[in-house]
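Below: one structure, written as structure tokens.
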Amino acid sequence: MDKHEGRDAGTIRLDDPWYDALAVGWGEGAEPTPPHPAPAGRPAPGASDIYLEVQRSAAFQEVRSRYRRFVVPATAGFLLWYVAYVVAATAAPGLMARPVLGAVNVAMLAGLGQFLSTFLLTWAYARHARLRRDRAALDLRWTVFEQERGQERTRARRAGR
């Protein structure tokens, strides 16, 4: 994203290579174009080859491992907290009915804690993504875009011959 100076100050422009072309050609009845043959008779690498190459890259594996290192423990912790709440409500109704402050009892505090933990987990996930994964994922996205653009240029040059 770029911030503009001058008259358009304060507006943000997205410099996303896929922003305008997310679904170009999708669902329009267009047939997929066959891969153009390479000089040695082998088909030229297609978009799927680029994605497979990126998927095998160390940068992609690092992004995925950062994702998993956050999501797996967070999901397990949240599910454990939820199951503990349900089991306590079912198995220990006396404990859950114990008043804490006026009409507020343990069950109400635990239920509110469920909502609070959901919001906190959402905030923590967004922060983790912003600080630990978004930049690397965007770099991968630009790498794929540049490789696809290079393929399109090569195809255009071959078609122009």
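Letters for chains follow the order of the structure tokens (A, B, ...), residue numbers begin at 1 for each chain, and ligand numbers begin at 1 in the order shown.
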Tell me, as a list in words, which residues lie within 8 Å of region 137-152 of chain A, counting only C-alpha atoms; anything in the same chain fewer than 2 positions away does not count.
Pro17, Gly46, Ala47, Ile50, Tyr51, Val54, Ala59, Phe60, Val63, Arg133, Asp134, Arg135, Thr154, Arg155 and Ala156 of chain A
Got a sec: who's within 12 Å of region 84-90 of chain A, counting only C-alpha atoms, leaving out chain neighbours fewer than 2 positions off, as a list in words?
Gly77, Phe78, Leu79, Leu80, Trp81, Tyr82, Ala92, Pro93, Gly94, Leu95, Met96, Ala97, Arg98, Asn105, Val106, Ala107, Met108, Leu109, Ala110, Gly111, Leu112, Gly113 and Gln114 of chain A
Can you tell me, as a ChimeraX atom specification, what residues are no more than 10 Å from His128 (chain A) when counting only C-alpha atoms, ignoring any on the same chain fewer than 3 positions away?
/A:66-67,70-71,122-125,131-134
So which bits of region 54-112 of chain A end up strand (DSSP E) when you DSSP the backbone, as a PyMOL selection string?
chain A and resi 99-101+104-105
Can I get the selection written as a short mmCIF file (atom, residue, chain, number, x, y, z; two decimals), in the first residue's frame, with C-alpha atoms?
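Result file selection_24.cif:
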data_model
loop_
_atom_site.label_atom_id
_atom_site.label_comp_id
_atom_site.auth_asym_id
_atom_site.auth_seq_id
_atom_site.Cartn_x
_atom_site.Cartn_y
_atom_site.Cartn_z
CA PRO A 99 -22.79 -16.10 43.53
CA VAL A 100 -19.78 -13.86 43.01
CA LEU A 101 -21.20 -10.36 43.11
CA VAL A 104 -23.61 -12.49 38.97
CA ASN A 105 -22.51 -16.08 39.45
#
What's the separation between CA of Arg68 (chain A) and CA of Val83 (chain A), in Å to one decimal place?
21.8 Å
Assign secondary structure with DSSP using the backbone only, and return the residues of region 84-144 of chain A in alpha helix (DSSP H) as an NGL selection string.
:A and (84-91 or 93-96 or 106-128 or 134-144)
